[in-house]
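What follows is the content of coords27.txt (compact mmCIF, C-alpha atoms and all ligand atoms).
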```txt
# COMPACT_ATOMS: atom_id res chain seq x y z
CA MET A 367 73.91 121.27 125.25
CA GLN A 368 74.41 119.18 128.35
CA PRO A 369 75.11 115.44 128.04
CA ALA A 370 72.35 112.92 128.82
CA TYR A 371 74.01 112.13 132.15
CA TYR A 372 73.96 115.74 133.41
CA GLU A 373 70.97 115.28 135.72
CA ASP A 374 69.93 111.66 135.29
CA PHE A 375 70.99 109.00 137.80
CA SER A 376 70.67 106.03 135.45
CA GLU A 377 72.56 107.83 132.65
CA ILE A 378 75.35 108.72 135.10
CA ILE A 379 75.74 105.08 136.20
CA LYS A 380 75.72 104.02 132.54
CA LYS A 381 78.42 106.56 131.73
CA ILE A 382 80.61 105.55 134.70
CA TRP A 383 80.57 101.83 133.86
CA SER A 384 81.16 102.55 130.18
CA MET A 385 84.30 104.50 131.16
CA LEU A 386 85.44 101.69 133.46
CA ASP A 387 84.76 99.03 130.81
CA ASP A 388 86.62 101.06 128.17
CA ALA A 389 89.64 101.46 130.49
CA ILE A 390 90.29 97.70 130.44
CA THR A 391 91.22 97.63 126.77
CA ASN A 392 91.94 101.29 125.98
CA ARG A 393 95.53 102.04 126.99
CA SER A 394 95.02 105.79 126.62
CA SER A 395 91.94 105.89 128.86
CA GLN A 396 92.52 108.10 131.90
CA PHE A 397 90.41 105.68 133.93
CA ARG A 398 92.94 102.89 133.29
CA THR A 399 95.31 103.92 136.07
CA PRO A 400 93.31 104.97 139.14
CA THR A 401 94.71 105.59 142.62
CA PHE A 402 94.00 102.76 145.04
CA ILE A 403 93.95 103.80 148.71
CA CYS A 404 93.98 101.43 151.66
CA GLY A 405 95.23 101.15 155.24
CA ASP A 406 93.87 101.82 158.67
CA GLN A 407 93.07 104.91 160.70
CA LEU A 408 96.71 105.63 161.55
CA ASP A 409 98.48 104.50 158.37
CA PHE A 410 96.93 104.69 154.93
CA ASP A 411 98.34 105.55 151.53
CA GLY A 412 97.55 105.58 147.83
CA ARG A 413 99.25 104.17 144.77
CA ILE A 414 98.54 103.97 141.04
CA ILE A 415 97.33 100.59 139.74
CA VAL A 416 96.18 99.30 136.34
CA LEU A 417 92.52 98.36 136.06
CA ARG A 418 92.26 94.81 134.66
CA LYS A 419 88.58 93.91 134.87
CA SER A 420 85.29 95.74 135.08
CA ASP A 421 82.05 93.84 135.73
CA GLN A 422 78.97 95.97 136.37
CA LYS A 423 76.70 92.96 136.86
CA ASN A 424 78.65 92.01 139.99
CA ASN A 425 79.77 95.57 140.92
CA LEU A 426 83.32 94.32 140.59
CA LEU A 427 86.68 95.80 139.59
CA GLN A 428 89.97 93.92 139.54
CA PHE A 429 93.70 94.65 139.47
CA HIS A 430 96.90 92.62 139.82
CA SER A 431 99.64 92.84 142.40
CA ASP A 432 102.52 91.01 144.07
CA ILE A 433 101.53 89.01 147.18
CA ARG A 434 104.61 90.50 148.94
CA SER A 435 103.46 94.11 148.42
CA ASP A 436 102.79 96.18 151.56
CA LYS A 437 99.18 96.72 150.59
CA ILE A 438 98.39 92.99 150.97
CA GLU A 439 99.08 93.04 154.73
CA LYS A 440 97.05 96.24 155.01
CA LEU A 441 94.12 94.68 153.13
CA LYS A 442 94.24 91.55 155.28
CA LYS A 443 93.73 93.77 158.34
CA ASN A 444 91.17 96.04 156.68
CA SER A 445 89.53 94.97 153.44
CA LYS A 446 87.82 98.37 152.98
CA ALA A 447 89.57 100.60 150.46
CA ALA A 448 88.97 103.47 148.04
CA MET A 449 89.63 104.07 144.35
CA LEU A 450 89.95 107.46 142.71
CA PHE A 451 89.61 108.25 138.99
CA TYR A 452 89.68 111.47 136.98
CA ASP A 453 89.23 111.96 133.26
CA LYS A 454 90.40 115.43 132.27
CA GLU A 455 88.65 115.50 128.88
CA GLU A 456 85.34 114.19 130.23
CA LYS A 457 85.73 116.38 133.35
CA ILE A 458 84.50 113.46 135.41
CA GLN A 459 85.85 112.42 138.82
CA VAL A 460 84.75 109.08 140.26
CA ARG A 461 85.40 108.08 143.86
CA LEU A 462 84.67 104.51 144.89
CA LYS A 463 84.40 102.81 148.27
CA VAL A 464 85.21 99.14 147.83
CA ASP A 465 85.58 95.90 149.79
CA CYS A 466 88.56 93.82 148.67
CA THR A 467 89.23 90.11 148.30
CA ILE A 468 92.79 88.86 147.86
CA ASN A 469 93.10 86.00 145.37
CA HIS A 470 96.34 84.01 145.52
CA GLU A 471 96.91 80.56 144.04
CA ASN A 472 93.19 80.03 143.49
CA ASP A 473 90.93 79.78 140.41
CA VAL A 474 90.61 83.56 140.00
CA ALA A 475 94.41 84.02 140.14
CA LYS A 476 94.98 81.05 137.82
CA ASP A 477 92.55 82.40 135.23
CA SER A 478 94.07 85.92 135.26
CA TRP A 479 97.65 84.58 135.22
CA SER A 480 96.90 82.52 132.12
CA LYS A 481 95.89 85.76 130.35
CA THR A 482 98.95 87.80 131.38
CA GLN A 483 101.41 88.72 128.66
CA HIS A 484 104.99 87.48 128.69
CA ILE A 485 106.37 90.99 129.33
CA SER A 486 104.03 91.67 132.27
CA ARG A 487 105.21 88.50 134.04
CA LYS A 488 108.57 90.17 134.62
CA CYS A 489 107.14 92.18 137.55
CA TYR A 490 106.47 88.98 139.48
CA LEU A 491 109.98 87.55 139.01
CA VAL A 492 111.80 89.87 141.43
CA ASP A 493 113.68 87.96 144.16
CA ASN A 494 112.73 90.31 146.97
CA GLY A 495 109.21 91.71 147.18
CA PRO A 496 108.24 95.28 146.27
CA GLY A 497 109.11 97.71 149.06
CA SER A 498 112.15 95.66 150.25
CA GLU A 499 115.11 97.89 151.16
CA THR A 500 118.22 97.59 148.98
CA GLU A 501 121.88 98.75 149.27
CA ILE A 502 121.97 99.85 145.61
CA PRO A 503 119.41 101.37 143.23
CA THR A 504 117.99 98.41 141.28
CA SER A 505 114.87 96.95 139.65
CA GLY A 506 115.44 93.89 141.83
CA LEU A 507 115.66 91.71 138.73
CA LYS A 508 118.58 89.68 137.42
CA PRO A 509 120.01 91.34 134.25
CA GLU A 510 118.66 88.64 131.93
CA LEU A 511 115.16 89.18 133.33
CA ASP A 512 115.50 92.96 132.95
CA ASN A 513 116.24 92.29 129.26
CA PHE A 514 113.12 90.12 128.90
CA ASP A 515 115.46 87.17 128.29
CA TYR A 516 113.36 84.42 129.87
CA THR A 517 111.27 81.58 128.54
CA LYS A 518 107.55 81.09 129.13
CA GLU A 519 108.47 78.21 131.40
CA GLN A 520 110.78 80.42 133.50
CA SER A 521 108.06 83.09 133.68
CA GLU A 522 105.76 80.55 135.39
CA GLU A 523 107.85 81.09 138.55
CA GLY A 524 106.14 84.44 138.91
CA TYR A 525 102.78 82.77 139.53
CA ARG A 526 103.54 82.20 143.21
CA ASN A 527 103.83 85.99 143.69
CA PHE A 528 100.90 86.89 141.46
CA THR A 529 97.77 88.18 143.17
CA VAL A 530 94.42 89.38 141.92
CA ILE A 531 92.68 91.95 144.08
CA GLN A 532 88.96 91.99 143.54
CA CYS A 533 87.18 95.15 144.60
CA GLU A 534 83.46 94.97 145.23
CA VAL A 535 82.06 98.46 144.72
CA LYS A 536 79.82 99.61 147.59
CA PHE A 537 79.53 103.37 146.99
CA ILE A 538 80.12 105.51 143.93
CA GLU A 539 80.56 109.25 144.07
CA TRP A 540 80.47 111.14 140.78
CA LEU A 541 81.53 114.74 140.15
CA TYR A 542 81.04 116.40 136.78
CA LEU A 543 82.60 119.77 136.11
CA ALA A 544 80.53 121.96 133.77
CA ALA A 545 80.55 125.66 132.98
CA LYS A 546 76.75 125.72 133.40
CA GLY A 547 77.13 124.34 136.91
CA HIS A 548 78.89 121.34 138.37
CA ARG A 549 76.86 118.29 139.34
CA ARG A 550 77.61 115.72 142.03
CA ALA A 551 75.83 112.52 142.97
CA ARG A 552 76.27 109.58 145.32
CA PHE A 553 75.15 106.01 144.62
CA ASN A 554 74.78 103.57 147.48
CA LEU A 555 74.96 100.19 145.74
CA GLU A 556 74.07 98.32 148.93
CA ASP A 557 70.58 99.79 149.27
CA ASN A 558 70.29 101.30 145.75
CA LYS A 559 69.81 104.80 147.16
CA ASN A 560 70.90 107.64 144.89
CA THR A 561 71.48 111.16 146.24
CA TRP A 562 72.32 114.53 144.68
CA LEU A 563 75.04 116.45 146.51
CA ILE A 564 76.22 120.04 146.34
CA PRO A 565 79.46 119.90 144.34
C1 LIG B 601 101.43 103.46 135.75
C2 LIG B 601 101.59 102.59 136.97
C3 LIG B 601 100.89 101.41 137.05
C4 LIG B 601 101.00 100.57 138.16
N1 LIG B 601 100.24 99.43 138.24
C5 LIG B 601 100.28 98.67 139.37
C6 LIG B 601 99.39 97.56 139.54
O1 LIG B 601 98.56 97.24 138.67
N2 LIG B 601 99.49 96.84 140.68
C7 LIG B 601 100.37 97.17 141.67
O2 LIG B 601 100.38 96.47 142.69
N3 LIG B 601 101.22 98.22 141.56
C8 LIG B 601 101.18 98.98 140.44
N4 LIG B 601 102.01 100.07 140.31
C9 LIG B 601 103.01 100.33 141.38
C10 LIG B 601 102.31 100.94 142.60
O3 LIG B 601 101.93 102.27 142.32
C11 LIG B 601 103.21 100.89 143.85
O4 LIG B 601 104.40 101.60 143.62
C12 LIG B 601 103.53 99.44 144.22
O5 LIG B 601 102.38 98.63 144.18
C13 LIG B 601 104.19 99.33 145.60
O6 LIG B 601 103.43 99.95 146.59
P1 LIG B 601 102.58 99.19 147.73
O7 LIG B 601 103.12 97.80 147.85
O8 LIG B 601 102.78 99.99 148.95
O9 LIG B 601 101.18 99.19 147.27
C14 LIG B 601 101.89 100.93 139.21
C15 LIG B 601 102.58 102.13 139.13
C16 LIG B 601 102.44 102.95 138.03
C17 LIG B 601 103.19 104.25 137.99
```
Show me, as structure tokens, the structure contained in the file I just sent.
Amino acid sequence: MQPAYYEDFSEIIKKIWSMLDDAITNRSSQFRTPTFICGDQLDFDGRIIVLRKSDQKNNLLQFHSDIRSDKIEKLKKNSKAAMLFYDKEEKIQVRLKVDCTINHENDVAKDSWSKTQHISRKCYLVDNGPGSETEIPTSGLKPELDNFDYTKEQSEEGYRNFTVIQCEVKFIEWLYLAAKGHRRARFNLEDNKNTWLIP
């Protein structure tokens, strides 16, 4: 028997957001670590990120990064980006076109920072930003930081590097692999137009 979302636009959208919502808290969800792709026509690339917030009401997804990361400069020049998800068990691929907002030292960043765990703050304590060249192979952290030997107070230093990237979803493309026949659909969230596509 085919699932309810096999040929039903509203069931597909329901399924997609339920997978995105689940990924926020479920560490084993395959939707938790999508590829985020940004850049311009001559220079674009993808990287894995961790999904931190999913908000269907506002068509919004969120992840965290370091303000010194290369992708920040790219997003400042071109806020349009893409996100790519695949769940092997569900046989569902989701491709998103998004428009990004960079949040740094504002209310959104403050709120997310207050919810970060002590161990995650380590990433934002590196002296030189991600992507900086180095003479030796290193995490970029002082040994005591590598060993999680820092107080909550010391971890607050990381806040100045902490960034929340908000991604407003504009288009969703869904592909479902099924023995009975694959199904593919596109959702334009700007004009609410849904379209079936040949897989
Ligand atoms: C499992 C996993 C999770 C990651 N999560 C994030 C993340 O949430 N945010 C982030 O900026 N980088 C994350 N990274 C690192 C990026 O993939 C990338 O290496 C880093 O952001 C530097 O690349 P960029 O500055 O060119 O984007 C993660 C990598 C892996 C393997």
**Message:** So that I can see what lies close to Lys559 in chain A, please list as a list of chain:residue names the residues with an atom at most 12 Å from it, counting all atoms listed in the file and leaving out residues fewer than 5 positions away in the same chain.
**Reply:**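 Within the cut-off, the hits are A:Phe375, A:Ser376, A:Lys536, A:Phe537, A:Ile538, A:Ala551, A:Arg552, A:Phe553, A:Asn554.
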Do you have, as JSON lines, the list of residues of chain A lying at most 7 Å from ligand LIG 601 (chain B), each with its nearest atom pair and that distance in Å to one decimal, counting only C-alpha atoms and all ligand atoms and ordered by chain then number?
```
{"residue": "A:Thr399", "atom": "CA", "partner": "B:LIG601", "partner_atom": "C1", "distance": 6.1}
{"residue": "A:Arg413", "atom": "CA", "partner": "B:LIG601", "partner_atom": "O3", "distance": 4.1}
{"residue": "A:Ile414", "atom": "CA", "partner": "B:LIG601", "partner_atom": "O3", "distance": 4.0}
{"residue": "A:Ile415", "atom": "CA", "partner": "B:LIG601", "partner_atom": "N1", "distance": 3.5}
{"residue": "A:Val416", "atom": "CA", "partner": "B:LIG601", "partner_atom": "O1", "distance": 3.9}
{"residue": "A:Leu417", "atom": "CA", "partner": "B:LIG601", "partner_atom": "O1", "distance": 6.7}
{"residue": "A:Phe429", "atom": "CA", "partner": "B:LIG601", "partner_atom": "O1", "distance": 5.6}
{"residue": "A:His430", "atom": "CA", "partner": "B:LIG601", "partner_atom": "N2", "distance": 5.0}
{"residue": "A:Ser431", "atom": "CA", "partner": "B:LIG601", "partner_atom": "O2", "distance": 3.7}
{"residue": "A:Asp432", "atom": "CA", "partner": "B:LIG601", "partner_atom": "O2", "distance": 6.0}
{"residue": "A:Ser435", "atom": "CA", "partner": "B:LIG601", "partner_atom": "O7", "distance": 3.7}
{"residue": "A:Asp436", "atom": "CA", "partner": "B:LIG601", "partner_atom": "O7", "distance": 4.1}
{"residue": "A:Lys437", "atom": "CA", "partner": "B:LIG601", "partner_atom": "O9", "distance": 4.6}
{"residue": "A:Pro496", "atom": "CA", "partner": "B:LIG601", "partner_atom": "C13", "distance": 5.8}
{"residue": "A:Gly497", "atom": "CA", "partner": "B:LIG601", "partner_atom": "O7", "distance": 6.1}
```
**Test item: residues at most 10 Å from Thr529 in chain A, all atoms listed in the file, excluding those fewer than 6 positions along its chain, as number ranges by chain** = A: 429-435, 438, 468-472, 474-476, 478-479, 490
**Message:** Can you pull out the residues contacting Leu507 in chain A? Cut-off 10 Å, using only C-alpha atoms, and skip same-chain residues under 2 positions away; I want them as a list of chain:residue names.
**Reply:** A:Lys488, A:Cys489, A:Tyr490, A:Leu491, A:Val492, A:Asp493, A:Asn494, A:Thr504, A:Ser505, A:Pro509, A:Glu510, A:Leu511, A:Asp512, A:Asn513
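Distance-wise, CA of Asp374 in chain A and CA of Lys457 in chain A end up 16.6 Å apart.
With CA of Met385 in chain A on one side and CA of Asp477 in chain A on the other, the separation reads 23.9 Å.
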**Asked** Which value, in Å to one decimal, gives the distance between CA of Glu456 in chain A and CA of Leu426 in chain A?
**Response**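 Between CA of Glu456 in chain A and CA of Leu426 in chain A the gap works out to 22.5 Å.
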Might you pull out every residue within 12 Å of Lys381 in chain A, with all atoms listed in the file counted and same-chain residues fewer than 4 positions away left off, and present them as a PDB file with C-alpha atoms, in the frame of the given file?
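Okay, this is what ended up in selection-v1.pdb:
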```pdb
ATOM      1  CA  PRO A 369      75.110 115.440 128.040  1.00  0.00           C
ATOM      2  CA  ALA A 370      72.350 112.920 128.820  1.00  0.00           C
ATOM      3  CA  TYR A 371      74.010 112.130 132.150  1.00  0.00           C
ATOM      4  CA  TYR A 372      73.960 115.740 133.410  1.00  0.00           C
ATOM      5  CA  ASP A 374      69.930 111.660 135.290  1.00  0.00           C
ATOM      6  CA  PHE A 375      70.990 109.000 137.800  1.00  0.00           C
ATOM      7  CA  SER A 376      70.670 106.030 135.450  1.00  0.00           C
ATOM      8  CA  GLU A 377      72.560 107.830 132.650  1.00  0.00           C
ATOM      9  CA  MET A 385      84.300 104.500 131.160  1.00  0.00           C
ATOM     10  CA  LEU A 386      85.440 101.690 133.460  1.00  0.00           C
ATOM     11  CA  ASP A 387      84.760  99.030 130.810  1.00  0.00           C
ATOM     12  CA  ASP A 388      86.620 101.060 128.170  1.00  0.00           C
ATOM     13  CA  GLN A 422      78.970  95.970 136.370  1.00  0.00           C
ATOM     14  CA  GLU A 456      85.340 114.190 130.230  1.00  0.00           C
ATOM     15  CA  ILE A 458      84.500 113.460 135.410  1.00  0.00           C
ATOM     16  CA  GLN A 459      85.850 112.420 138.820  1.00  0.00           C
ATOM     17  CA  VAL A 460      84.750 109.080 140.260  1.00  0.00           C
ATOM     18  CA  TRP A 540      80.470 111.140 140.780  1.00  0.00           C
ATOM     19  CA  TYR A 542      81.040 116.400 136.780  1.00  0.00           C
TER      20      TYR A 542
END
```
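Across A:Gly412, A:Pro565, A:Gly405, A:Gly547, the tightest approach to Lys442 in chain A is made by A:Gly405 when counting all atoms listed in the file.
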**Item:** Counting all atoms listed in the file, the residue of A:Tyr452, A:Ile378, A:Leu427, A:Ala447 that sits nearest Trp562 in chain A
**Value:**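 Closest to Trp562 in chain A, using all atoms listed in the file: A:Ile378.
Between Leu450 in chain A and the candidates A:Thr401, A:Asn392, A:Gln368, A:Asn560, the tightest atom-to-atom separation, counting only C-alpha atoms, involves A:Thr401.
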